[in-house]
>>> print(open('coords_28.cif').read())   # mmCIF, C-alpha atoms
data_upload
#
loop_
_atom_site.label_atom_id
_atom_site.label_comp_id
_atom_site.auth_asym_id
_atom_site.auth_seq_id
_atom_site.Cartn_x
_atom_site.Cartn_y
_atom_site.Cartn_z
CA MET G 1022 108.76 104.32 83.27
CA TYR G 1023 106.88 107.12 85.08
CA VAL G 1024 104.30 109.43 83.51
CA TYR G 1025 103.14 112.51 85.45
CA ILE G 1026 99.73 114.04 84.73
CA TYR G 1027 99.56 117.67 85.93
CA ASP G 1028 96.27 119.41 86.57
CA ASN G 1029 95.85 122.60 84.57
CA PHE G 1030 95.58 124.80 87.70
CA LEU G 1031 99.26 124.09 88.43
CA ARG G 1032 100.17 126.57 85.68
CA GLN G 1033 99.37 129.39 88.12
CA LYS G 1034 102.45 131.29 89.26
CA ASN G 1035 102.01 130.54 92.96
CA PHE G 1036 102.39 126.80 92.29
CA LEU G 1037 105.47 127.02 90.05
CA PRO G 1038 108.07 127.01 92.89
CA ILE G 1039 106.72 123.84 94.49
CA ILE G 1040 106.37 122.10 91.13
CA HIS G 1041 109.97 122.98 90.29
CA ALA G 1042 111.15 121.72 93.69
CA MET G 1043 109.27 118.46 93.17
CA GLU G 1044 110.79 117.95 89.74
CA VAL G 1045 114.30 118.43 91.15
CA ILE G 1046 113.66 115.87 93.92
CA LEU G 1047 112.13 113.36 91.50
CA THR G 1048 115.20 113.70 89.28
CA ASP G 1049 117.46 113.09 92.31
CA TYR G 1050 115.46 109.95 93.13
CA GLY G 1051 115.78 108.77 89.53
CA ILE G 1052 112.03 108.65 88.96
CA ALA G 1053 111.50 111.71 86.75
CA GLY G 1054 109.40 111.00 83.69
CA LYS G 1055 107.15 112.29 80.96
CA ILE G 1056 104.86 115.20 81.89
CA LEU G 1057 101.35 115.56 80.48
CA ARG G 1058 98.90 118.42 81.13
CA LEU G 1059 95.29 117.69 82.05
CA GLN G 1060 92.72 119.78 80.20
CA ASN G 1061 88.99 120.15 80.93
CA TYR G 1062 87.96 117.71 78.22
CA THR G 1063 90.93 115.36 78.37
CA ASP G 1064 90.05 111.67 78.04
CA SER G 1065 92.44 110.50 80.74
CA LYS G 1066 91.74 106.80 80.14
CA ALA G 1067 92.68 107.00 76.45
CA ILE G 1068 95.87 108.93 77.27
CA ILE G 1069 96.90 106.52 80.04
CA GLU G 1070 96.23 103.44 77.94
CA ASP G 1071 98.32 104.95 75.15
CA GLU G 1072 101.20 105.62 77.57
CA ILE G 1073 100.95 102.05 78.92
CA LYS G 1074 101.34 100.75 75.37
CA ARG G 1075 104.51 102.85 75.14
CA GLY G 1076 105.90 101.24 78.26
CA ALA G 1077 104.59 103.31 81.18
CA LYS G 1078 104.31 101.32 84.41
CA THR G 1079 103.45 104.10 86.89
CA ILE G 1080 100.99 106.96 86.31
CA VAL G 1081 101.35 109.79 88.82
CA ILE G 1082 98.48 112.22 89.41
CA VAL G 1083 99.67 115.71 90.37
CA GLY G 1084 97.01 118.03 91.82
CA ASN G 1085 94.22 117.87 94.40
CA ASP G 1086 91.08 115.90 95.25
CA ALA G 1087 89.34 117.02 92.07
CA THR G 1088 92.31 115.95 89.93
CA PHE G 1089 92.45 112.59 91.67
CA GLY G 1090 88.75 111.93 91.14
CA GLN G 1091 88.65 113.18 87.56
CA ILE G 1092 91.47 110.90 86.45
CA LEU G 1093 90.75 107.74 88.42
CA SER G 1094 86.98 107.76 87.87
CA ARG G 1095 87.74 107.29 84.17
CA SER G 1096 90.92 105.24 84.44
CA ALA G 1097 90.30 102.88 87.36
CA THR G 1098 90.49 99.81 85.12
CA CYS G 1099 93.84 100.70 83.51
CA ASN G 1100 96.54 98.10 84.09
CA CYS G 1101 99.18 100.16 85.87
CA THR G 1102 100.27 101.46 89.26
CA PHE G 1103 99.04 104.93 90.24
CA GLY G 1104 100.87 107.48 92.36
CA PHE G 1105 99.70 110.80 93.77
CA LEU G 1106 101.56 114.04 94.42
CA PRO G 1107 99.10 116.34 96.21
CA VAL G 1108 99.66 120.05 95.65
CA GLY G 1109 97.75 123.03 97.01
CA PRO G 1110 94.49 123.19 98.98
CA ASN G 1111 91.53 120.78 98.82
CA ASN G 1112 93.59 117.65 99.48
CA THR G 1113 91.59 115.48 101.88
CA ILE G 1114 92.26 112.21 100.02
CA ALA G 1115 96.01 112.61 100.52
CA GLU G 1116 95.63 112.24 104.28
CA VAL G 1117 93.65 109.01 103.84
CA LEU G 1118 96.41 107.66 101.60
CA GLY G 1119 99.12 108.75 104.05
CA ILE G 1120 100.71 111.13 101.54
CA PRO G 1121 101.88 114.56 102.76
CA VAL G 1122 100.97 117.59 100.69
CA GLY G 1123 103.93 119.14 98.89
CA VAL G 1124 107.51 118.07 98.23
CA GLU G 1125 107.55 115.37 100.94
CA ALA G 1126 105.13 113.38 98.79
CA CYS G 1127 108.05 112.65 96.45
CA THR G 1128 109.67 110.51 99.15
CA VAL G 1129 106.48 108.45 99.54
CA LEU G 1130 106.37 107.96 95.78
CA SER G 1131 109.99 106.81 95.65
CA ARG G 1132 109.42 104.14 98.35
CA ARG G 1133 106.67 102.47 96.25
CA ARG G 1134 104.65 101.06 99.13
CA LYS G 1135 101.60 99.75 97.27
CA GLU G 1136 98.05 98.83 98.25
CA PHE G 1137 94.94 97.89 96.27
CA LEU G 1138 92.10 100.40 96.73
CA ASP G 1139 88.37 99.85 96.40
CA VAL G 1140 86.49 101.48 93.55
CA GLY G 1141 82.84 102.47 93.67
CA TRP G 1142 80.42 101.79 90.80
CA MET G 1143 77.34 103.87 90.02
CA ASN G 1144 75.02 103.32 87.04
CA ASN G 1145 77.79 102.00 84.77
CA ARG G 1146 80.45 104.50 85.76
CA TYR G 1147 83.16 104.47 88.43
CA PHE G 1148 83.91 106.78 91.32
CA VAL G 1149 86.87 106.62 93.69
CA SER G 1150 86.50 109.50 96.15
CA GLN G 1151 82.92 110.44 96.98
CA LEU G 1152 79.38 110.44 95.63
CA LYS G 1153 76.75 112.92 96.81
CA VAL G 1154 73.00 112.85 96.25
CA MET G 1155 71.61 116.35 96.74
CA PRO G 1156 68.68 116.77 99.17
CA SER G 1157 65.60 115.15 97.62
CA LYS G 1158 62.65 112.95 98.52
CA LEU G 1159 64.31 109.56 98.35
CA GLU G 1160 63.95 105.91 99.21
CA VAL G 1161 67.19 104.10 100.07
CA VAL G 1162 67.50 100.32 100.10
CA TYR G 1163 70.86 98.83 101.01
CA ASP G 1164 72.12 95.24 100.86
CA GLU G 1165 68.58 94.19 99.78
CA ARG G 1166 67.53 94.09 103.43
CA PHE G 1167 67.10 97.57 104.88
CA LYS G 1168 64.99 100.48 103.69
CA VAL G 1169 65.45 104.12 104.75
CA THR G 1170 62.94 106.89 104.07
CA ALA G 1171 62.16 110.29 105.55
CA ALA G 1172 59.10 112.47 105.89
CA GLU G 1173 60.86 115.27 104.01
CA LYS G 1174 64.08 115.37 102.02
CA MET G 1175 67.27 113.36 102.53
CA GLU G 1176 70.88 113.97 101.57
CA VAL G 1177 73.06 110.91 100.89
CA ILE G 1178 76.86 110.97 100.79
CA VAL G 1179 78.70 107.79 99.82
CA CYS G 1180 82.39 107.78 100.75
CA ASN G 1181 85.09 105.61 99.29
CA LEU G 1182 88.39 107.45 99.78
CA GLN G 1183 87.30 111.00 100.53
CA PRO G 1184 86.27 111.75 104.15
CA PHE G 1185 82.91 113.26 105.02
CA PHE G 1186 83.01 116.66 106.79
CA TRP G 1187 79.87 118.04 108.40
CA THR G 1188 78.48 120.50 110.95
CA ARG G 1189 75.20 120.37 112.87
CA ASP G 1190 73.97 123.68 111.46
CA LYS G 1191 75.19 127.00 110.09
CA LYS G 1192 76.02 128.30 113.57
CA ASP G 1193 78.05 125.24 114.51
CA LYS G 1194 81.77 126.10 114.53
CA GLU G 1195 82.99 122.55 115.14
CA GLN G 1196 83.66 120.64 111.94
CA ARG G 1197 83.30 116.87 112.26
CA VAL G 1198 85.05 114.37 110.06
CA ILE G 1199 84.59 110.65 109.53
CA HIS G 1200 87.23 108.72 107.59
CA PRO G 1201 85.90 105.95 105.36
CA GLN G 1202 87.11 102.44 106.13
CA ASP G 1203 88.54 100.01 103.62
CA GLY G 1204 86.53 97.01 102.39
CA LYS G 1205 83.05 98.56 102.17
CA LEU G 1206 81.48 101.78 101.03
CA GLU G 1207 80.00 104.03 103.72
CA ALA G 1208 76.75 105.97 103.26
CA PHE G 1209 76.02 109.01 105.40
CA ILE G 1210 72.29 109.74 105.32
CA ARG G 1211 71.07 113.09 106.64
CA PRO G 1212 67.31 113.77 106.80
CA LEU G 1213 66.14 117.37 106.50
CA THR G 1214 63.18 118.76 108.42
CA LYS G 1215 61.40 122.01 107.72
CA SER G 1216 62.65 124.93 109.81
CA GLY G 1217 60.26 127.85 109.51
CA TRP G 1218 58.49 128.79 106.32
CA TRP G 1219 61.40 128.70 103.87
CA GLY G 1220 64.34 126.68 105.14
CA TYR G 1221 65.32 123.18 106.15
CA LYS G 1222 67.35 121.94 109.08
CA TYR G 1223 69.80 119.02 108.81
CA GLU G 1224 69.40 116.21 111.32
CA GLU G 1225 72.26 114.09 112.68
CA PRO G 1226 73.62 111.79 109.94
CA SER G 1227 73.25 108.03 110.19
CA ILE G 1228 76.14 105.87 108.96
CA PHE G 1229 75.47 102.73 106.93
CA PRO G 1230 78.36 100.54 105.71
CA PHE G 1231 77.08 98.62 102.69
CA GLU G 1232 78.01 96.52 99.68
CA GLU G 1233 75.10 97.51 97.43
CA MET G 1234 72.62 100.38 97.62
CA ILE G 1235 69.68 101.46 95.46
CA ILE G 1236 68.43 105.04 95.71
CA THR G 1237 65.10 105.92 94.11
CA GLY G 1238 63.54 109.37 93.86
CA ARG G 1239 59.96 110.52 93.43
CA GLU G 1240 61.35 112.83 90.77
CA PRO G 1241 64.79 113.25 89.15
CA PHE G 1242 67.51 114.18 91.64
CA SER G 1243 71.04 115.56 91.27
CA VAL G 1244 74.06 113.32 91.83
CA GLU G 1245 77.69 114.43 92.01
CA ALA G 1246 80.30 111.68 91.68
CA ASP G 1247 83.99 112.66 91.67
CA GLY G 1248 82.98 116.16 90.58
CA LYS G 1249 80.73 115.04 87.70
CA MET G 1250 77.06 116.08 87.94
CA SER G 1251 74.11 114.15 86.54
CA LYS G 1252 70.34 113.86 86.92
CA GLU G 1253 69.02 110.46 87.95
CA ILE G 1254 65.71 108.87 88.92
CA LYS G 1255 67.30 105.67 90.22
CA VAL G 1256 70.89 104.96 91.24
CA LYS G 1257 72.51 101.62 91.96
CA ILE G 1258 75.76 101.89 93.92
CA LYS G 1259 78.16 99.11 94.83
CA LEU G 1260 81.80 98.14 95.03
CA ALA G 1261 83.33 97.45 91.64
CA HIS G 1262 85.03 94.13 90.98
CA SER G 1263 88.26 95.85 89.96
CA LYS G 1264 90.66 97.61 92.32
CA VAL G 1265 93.25 100.33 91.81
CA GLU G 1266 96.89 99.68 92.68
CA MET G 1267 98.10 102.84 94.43
CA ILE G 1268 101.39 103.93 96.01
CA VAL G 1269 100.55 104.94 99.57
CA GLY G 1270 102.28 106.23 102.68
CA ARG G 1271 103.04 104.46 105.92
CA ASP G 1272 100.49 106.64 107.78
CA ARG G 1273 97.51 105.73 105.60
CA LYS G 1274 94.09 105.52 107.27
CA PHE G 1275 93.30 101.94 106.24
#
>>> encode(input="coords_28.cif", output="C-alpha cells")
Amino acid sequence: MYVYIYDNFLRQKNFLPIIHAMEVILTDYGIAGKILRLQNYTDSKAIIEDEIKRGAKTIVIVGNDATFGQILSRSATCNCTFGFLPVGPNNTIAEVLGIPVGVEACTVLSRRRKEFLDVGWMNNRYFVSQLKVMPSKLEVVYDERFKVTAAEKMEVIVCNLQPFFWTRDKKDKEQRVIHPQDGKLEAFIRPLTKSGWWGYKYEEPSIFPFEEMIITGREPFSVEADGKMSKEIKVKIKLAHSKVEMIVGRDRKF
C-alpha cells in the first residue's frame, strides 16, 4: 500500500498539471495510493506511523529538498520504505538519489530499486540532507583526534544527502558543487577573514569526512538542520545507528 505526502506548495496552480500527470502515470503503474497534505505544523512521524499501522508499506514524499528534509528528519526511524517524487525548483537531493524531477520520477518509483541511506544525528534530533552552522567563533573537534579553529569566524556545513554549492566571493560567477559520499558525513569548513572595516571574506573551504564531530562556540550560534533553526552553544554531530530505506534511481551518486 502506497501513501503519498504532498507538500502544501503543490496547491499552486502552476504545479497542478504536473501533479495530475503524475497521478495518471501512477494509476497506470498500479501504484496509486492515499494522498495526504503536509501542513506547516504537521507531525509527519505520527501520521506515518498511523498509516503504517493501517497497512502502508511505502511512504512517498512529493515536493522538493525542503519537503524531503522536513519529513525524513522527523520520520527517519519509521519502519517503512520511502520514495520521492521531486517537483519544482530546489531539488538538489533528487540528483544525488538518481531521481529525475517531474513525471519521469514515477518510473523510478515503480521499479523499486532500494538502498539504505545514512542519517545524521545532532543533539538528539535527526537530519538527512544538510546541517549548517552560521559564521561564528567556533572550535571544531572531529573523530576525537583533530581540532580546527580560526582567528576569526568559521562557517561549517555538514552534508549527508544534499550537495554543497559555493563560490569564492560575490563576484565569482562559477558555482562549485561537491556531492557527499555515502558511508560518512562530510564537513565543509570555511574560515572568514576581515575584509575592510565592515565585511568578511570567505576563504577556500576545507573538507573533512568524519564519523563524529563536536562544535563549540564562545557564545550561542545559529544552526540550521533540514530547514529547522536553533541556537546552540555546543553541538555533537555523528551518523545515526538507524538508516532509511529509500527507492533510488540507477544514476544515483553513491
>>> residues_around(input="coords_28.cif", residues="G:Tyr1147", least_positions_apart="2", cutoff="9 Å", atoms="all atoms listed in the file", output="number ranges by chain")
G: 1093-1097, 1140-1145, 1149, 1246-1247, 1261
>>> resolve_selection(input="coords_28.cif", expression="the PyMOL selection byres ((chain G and resi 1166) around 12)", output="PyMOL selection string")
chain G and resi 1161-1165+1167-1169+1231-1235
>>> residues_around(input="coords_28.cif", residues="stretch 1099-1103 of chain G", least_positions_apart="3", cutoff="7 Å", atoms="all atoms listed in the file", output="list in words")
Glu1070, Lys1078, Thr1079, Ile1080, Val1081, Ser1096, Glu1266, Met1267 and Ile1268 of chain G
>>> resolve_selection(input="coords_28.cif", expression="the PyMOL selection byres ((chain G and resi 1105-1107) around 8)", output="PyMOL selection string")
chain G and resi 1081-1085+1089+1103-1104+1108-1109+1112+1115+1120-1123+1126-1127+1130+1268
>>> resolve_selection(input="coords_28.cif", expression="the PyMOL selection byres ((chain G and resi 1225) around 12)", output="ChimeraX atom specification")
/G:1175-1176,1187-1190,1197,1209-1214,1222-1224,1226-1228
>>> closest_residue(input="coords_28.cif", among="G:Val1124, G:Arg1075, G:Phe1275, G:Lys1135", to="G:Glu1044", atoms="only C-alpha atoms")
G:Val1124
>>> atom_distance(input="coords_28.cif", atom1="atom CA of G:Ser1131", atom2="atom CA of G:Tyr1023")
11.0 Å
>>> closest_residue(input="coords_28.cif", among="G:Phe1242, G:Ile1052, G:Arg1134, G:Thr1128", to="G:Lys1174", atoms="all atoms listed in the file")
G:Phe1242
>>> atom_distance(input="coords_28.cif", atom1="atom CA of G:Ala1053", atom2="atom CA of G:Ile1040")
12.4 Å
>>> closest_residue(input="coords_28.cif", among="G:Arg1058, G:Arg1133, G:Lys1259, G:Lys1249", to="G:Asn1181", atoms="all atoms listed in the file")
G:Lys1259
>>> residues_around(input="coords_28.cif", residues="G:Arg1273", least_positions_apart="6", cutoff="6 Å", atoms="all atoms listed in the file", output="PyMOL selection string")
chain G and resi 1117-1119
>>> closest_residue(input="coords_28.cif", among="G:Thr1048, G:Thr1113, G:Gln1060, G:Ser1157", to="G:Arg1032", atoms="all atoms listed in the file")
G:Gln1060
>>> atom_distance(input="coords_28.cif", atom1="atom CA of G:Pro1184", atom2="atom CA of G:Leu1031")
23.8 Å
>>> residues_around(input="coords_28.cif", residues="G:Ile1236", least_positions_apart="3", cutoff="6 Å", atoms="all atoms listed in the file", output="list of chain:residue names")
G:Glu1160, G:Val1161, G:Lys1255, G:Val1256
>>> write_last_selection(input="coords_28.cif", atoms="C-alpha atoms", output="compact mmCIF listing (two decimals), in the frame of the given file")
# COMPACT_ATOMS: atom_id res chain seq x y z
CA GLU G 1160 63.95 105.91 99.21
CA VAL G 1161 67.19 104.10 100.07
CA LYS G 1255 67.30 105.67 90.22
CA VAL G 1256 70.89 104.96 91.24
>>> closest_residue(input="coords_28.cif", among="G:Ile1056, G:Leu1138, G:Ile1178, G:Val1129", to="G:Gln1151", atoms="only C-alpha atoms")
G:Ile1178
>>> closest_residue(input="coords_28.cif", among="G:Val1244, G:Ala1172, G:Ala1208, G:Leu1057", to="G:Asn1029", atoms="all atoms listed in the file")
G:Leu1057
>>> decode(input="coords_28.cif", residues="stretch 1145-1250 of chain G", atoms="C-alpha atoms", output="PDB file, in the first residue's frame")
ATOM      1  CA  ASN G1145      19.130  14.255  19.934  1.00  0.00           C
ATOM      2  CA  ARG G1146      17.480  15.023  16.616  1.00  0.00           C
ATOM      3  CA  TYR G1147      17.985  13.667  13.103  1.00  0.00           C
ATOM      4  CA  PHE G1148      18.884  15.327   9.838  1.00  0.00           C
ATOM      5  CA  VAL G1149      19.068  13.713   6.406  1.00  0.00           C
ATOM      6  CA  SER G1150      20.057  16.431   3.940  1.00  0.00           C
ATOM      7  CA  GLN G1151      22.319  19.133   5.346  1.00  0.00           C
ATOM      8  CA  LEU G1152      23.273  20.944   8.542  1.00  0.00           C
ATOM      9  CA  LYS G1153      24.695  24.466   8.532  1.00  0.00           C
ATOM     10  CA  VAL G1154      26.390  26.351  11.360  1.00  0.00           C
ATOM     11  CA  MET G1155      26.240  30.068  10.628  1.00  0.00           C
ATOM     12  CA  PRO G1156      29.530  32.038  10.754  1.00  0.00           C
ATOM     13  CA  SER G1157      30.667  32.225  14.387  1.00  0.00           C
ATOM     14  CA  LYS G1158      33.777  31.915  16.519  1.00  0.00           C
ATOM     15  CA  LEU G1159      33.975  28.152  16.826  1.00  0.00           C
ATOM     16  CA  GLU G1160      36.154  25.255  17.857  1.00  0.00           C
ATOM     17  CA  VAL G1161      35.662  22.051  15.864  1.00  0.00           C
ATOM     18  CA  VAL G1162      36.904  18.668  17.059  1.00  0.00           C
ATOM     19  CA  TYR G1163      36.266  15.664  14.833  1.00  0.00           C
ATOM     20  CA  ASP G1164      36.770  11.949  15.460  1.00  0.00           C
ATOM     21  CA  GLU G1165      38.314  12.871  18.860  1.00  0.00           C
ATOM     22  CA  ARG G1166      41.661  13.443  17.154  1.00  0.00           C
ATOM     23  CA  PHE G1167      41.701  16.678  15.172  1.00  0.00           C
ATOM     24  CA  LYS G1168      40.918  20.227  16.242  1.00  0.00           C
ATOM     25  CA  VAL G1169      40.122  23.116  13.880  1.00  0.00           C
ATOM     26  CA  THR G1170      39.988  26.767  14.918  1.00  0.00           C
ATOM     27  CA  ALA G1171      40.281  30.116  13.163  1.00  0.00           C
ATOM     28  CA  ALA G1172      41.429  33.586  14.111  1.00  0.00           C
ATOM     29  CA  GLU G1173      38.025  34.988  13.171  1.00  0.00           C
ATOM     30  CA  LYS G1174      34.711  33.335  12.366  1.00  0.00           C
ATOM     31  CA  MET G1175      34.070  29.964  10.714  1.00  0.00           C
ATOM     32  CA  GLU G1176      31.127  28.572   8.788  1.00  0.00           C
ATOM     33  CA  VAL G1177      30.531  24.811   8.969  1.00  0.00           C
ATOM     34  CA  ILE G1178      28.325  22.868   6.551  1.00  0.00           C
ATOM     35  CA  VAL G1179      27.750  19.162   7.190  1.00  0.00           C
ATOM     36  CA  CYS G1180      26.408  17.260   4.189  1.00  0.00           C
ATOM     37  CA  ASN G1181      24.610  13.954   4.224  1.00  0.00           C
ATOM     38  CA  LEU G1182      22.482  13.807   1.069  1.00  0.00           C
ATOM     39  CA  GLN G1183      22.340  17.426  -0.046  1.00  0.00           C
ATOM     40  CA  PRO G1184      25.340  18.709  -2.063  1.00  0.00           C
ATOM     41  CA  PHE G1185      27.301  21.780  -1.028  1.00  0.00           C
ATOM     42  CA  PHE G1186      27.323  24.683  -3.540  1.00  0.00           C
ATOM     43  CA  TRP G1187      29.757  27.547  -3.099  1.00  0.00           C
ATOM     44  CA  THR G1188      31.533  30.441  -4.801  1.00  0.00           C
ATOM     45  CA  ARG G1189      34.836  32.110  -3.912  1.00  0.00           C
ATOM     46  CA  ASP G1190      33.250  35.526  -3.417  1.00  0.00           C
ATOM     47  CA  LYS G1191      30.335  37.676  -4.532  1.00  0.00           C
ATOM     48  CA  LYS G1192      31.997  38.454  -7.875  1.00  0.00           C
ATOM     49  CA  ASP G1193      32.700  34.812  -8.659  1.00  0.00           C
ATOM     50  CA  LYS G1194      30.332  33.606 -11.407  1.00  0.00           C
ATOM     51  CA  GLU G1195      31.416  29.962 -11.278  1.00  0.00           C
ATOM     52  CA  GLN G1196      29.352  27.888  -8.870  1.00  0.00           C
ATOM     53  CA  ARG G1197      31.177  24.874  -7.439  1.00  0.00           C
ATOM     54  CA  VAL G1198      29.474  21.763  -6.180  1.00  0.00           C
ATOM     55  CA  ILE G1199      30.692  18.817  -4.140  1.00  0.00           C
ATOM     56  CA  HIS G1200      28.493  15.732  -3.833  1.00  0.00           C
ATOM     57  CA  PRO G1201      28.573  13.996  -0.459  1.00  0.00           C
ATOM     58  CA  GLN G1202      29.765  10.399  -0.441  1.00  0.00           C
ATOM     59  CA  ASP G1203      27.992   7.509   1.211  1.00  0.00           C
ATOM     60  CA  GLY G1204      29.284   5.964   4.449  1.00  0.00           C
ATOM     61  CA  LYS G1205      30.477   9.100   6.264  1.00  0.00           C
ATOM     62  CA  LEU G1206      29.318  12.625   6.832  1.00  0.00           C
ATOM     63  CA  GLU G1207      31.324  15.401   5.174  1.00  0.00           C
ATOM     64  CA  ALA G1208      32.068  18.737   6.857  1.00  0.00           C
ATOM     65  CA  PHE G1209      32.962  21.778   4.770  1.00  0.00           C
ATOM     66  CA  ILE G1210      34.694  24.345   6.968  1.00  0.00           C
ATOM     67  CA  ARG G1211      35.141  27.875   5.628  1.00  0.00           C
ATOM     68  CA  PRO G1212      37.084  30.429   7.698  1.00  0.00           C
ATOM     69  CA  LEU G1213      36.194  34.093   7.307  1.00  0.00           C
ATOM     70  CA  THR G1214      38.754  36.888   7.436  1.00  0.00           C
ATOM     71  CA  LYS G1215      38.030  40.563   7.830  1.00  0.00           C
ATOM     72  CA  SER G1216      37.828  42.462   4.551  1.00  0.00           C
ATOM     73  CA  GLY G1217      37.858  46.185   5.206  1.00  0.00           C
ATOM     74  CA  TRP G1218      36.108  47.821   8.114  1.00  0.00           C
ATOM     75  CA  TRP G1219      32.700  46.146   7.891  1.00  0.00           C
ATOM     76  CA  GLY G1220      32.764  42.929   5.899  1.00  0.00           C
ATOM     77  CA  TYR G1221      34.253  39.460   5.906  1.00  0.00           C
ATOM     78  CA  LYS G1222      35.773  37.431   3.112  1.00  0.00           C
ATOM     79  CA  TYR G1223      35.288  33.657   2.788  1.00  0.00           C
ATOM     80  CA  GLU G1224      38.413  31.546   2.434  1.00  0.00           C
ATOM     81  CA  GLU G1225      38.622  28.286   0.471  1.00  0.00           C
ATOM     82  CA  PRO G1226      36.666  25.537   2.274  1.00  0.00           C
ATOM     83  CA  SER G1227      38.429  22.529   3.752  1.00  0.00           C
ATOM     84  CA  ILE G1228      36.706  19.147   3.501  1.00  0.00           C
ATOM     85  CA  PHE G1229      36.708  16.759   6.454  1.00  0.00           C
ATOM     86  CA  PRO G1230      34.998  13.344   6.214  1.00  0.00           C
ATOM     87  CA  PHE G1231      34.154  12.287   9.762  1.00  0.00           C
ATOM     88  CA  GLU G1232      32.162   9.927  11.949  1.00  0.00           C
ATOM     89  CA  GLU G1233      31.726  12.218  14.962  1.00  0.00           C
ATOM     90  CA  MET G1234      32.190  15.962  15.362  1.00  0.00           C
ATOM     91  CA  ILE G1235      31.810  18.358  18.292  1.00  0.00           C
ATOM     92  CA  ILE G1236      31.382  22.067  17.603  1.00  0.00           C
ATOM     93  CA  THR G1237      31.702  24.512  20.497  1.00  0.00           C
ATOM     94  CA  GLY G1238      31.117  28.260  20.384  1.00  0.00           C
ATOM     95  CA  ARG G1239      32.354  31.092  22.554  1.00  0.00           C
ATOM     96  CA  GLU G1240      28.755  32.256  22.556  1.00  0.00           C
ATOM     97  CA  PRO G1241      25.475  30.772  21.241  1.00  0.00           C
ATOM     98  CA  PHE G1242      25.497  30.211  17.477  1.00  0.00           C
ATOM     99  CA  SER G1243      22.757  29.532  14.927  1.00  0.00           C
ATOM    100  CA  VAL G1244      22.318  26.062  13.430  1.00  0.00           C
ATOM    101  CA  GLU G1245      20.037  25.115  10.547  1.00  0.00           C
ATOM    102  CA  ALA G1246      19.351  21.395  10.106  1.00  0.00           C
ATOM    103  CA  ASP G1247      16.943  20.307   7.352  1.00  0.00           C
ATOM    104  CA  GLY G1248      15.402  23.777   7.420  1.00  0.00           C
ATOM    105  CA  LYS G1249      14.909  23.919  11.209  1.00  0.00           C
ATOM    106  CA  MET G1250      16.743  26.728  13.033  1.00  0.00           C
TER     107      MET G1250
END
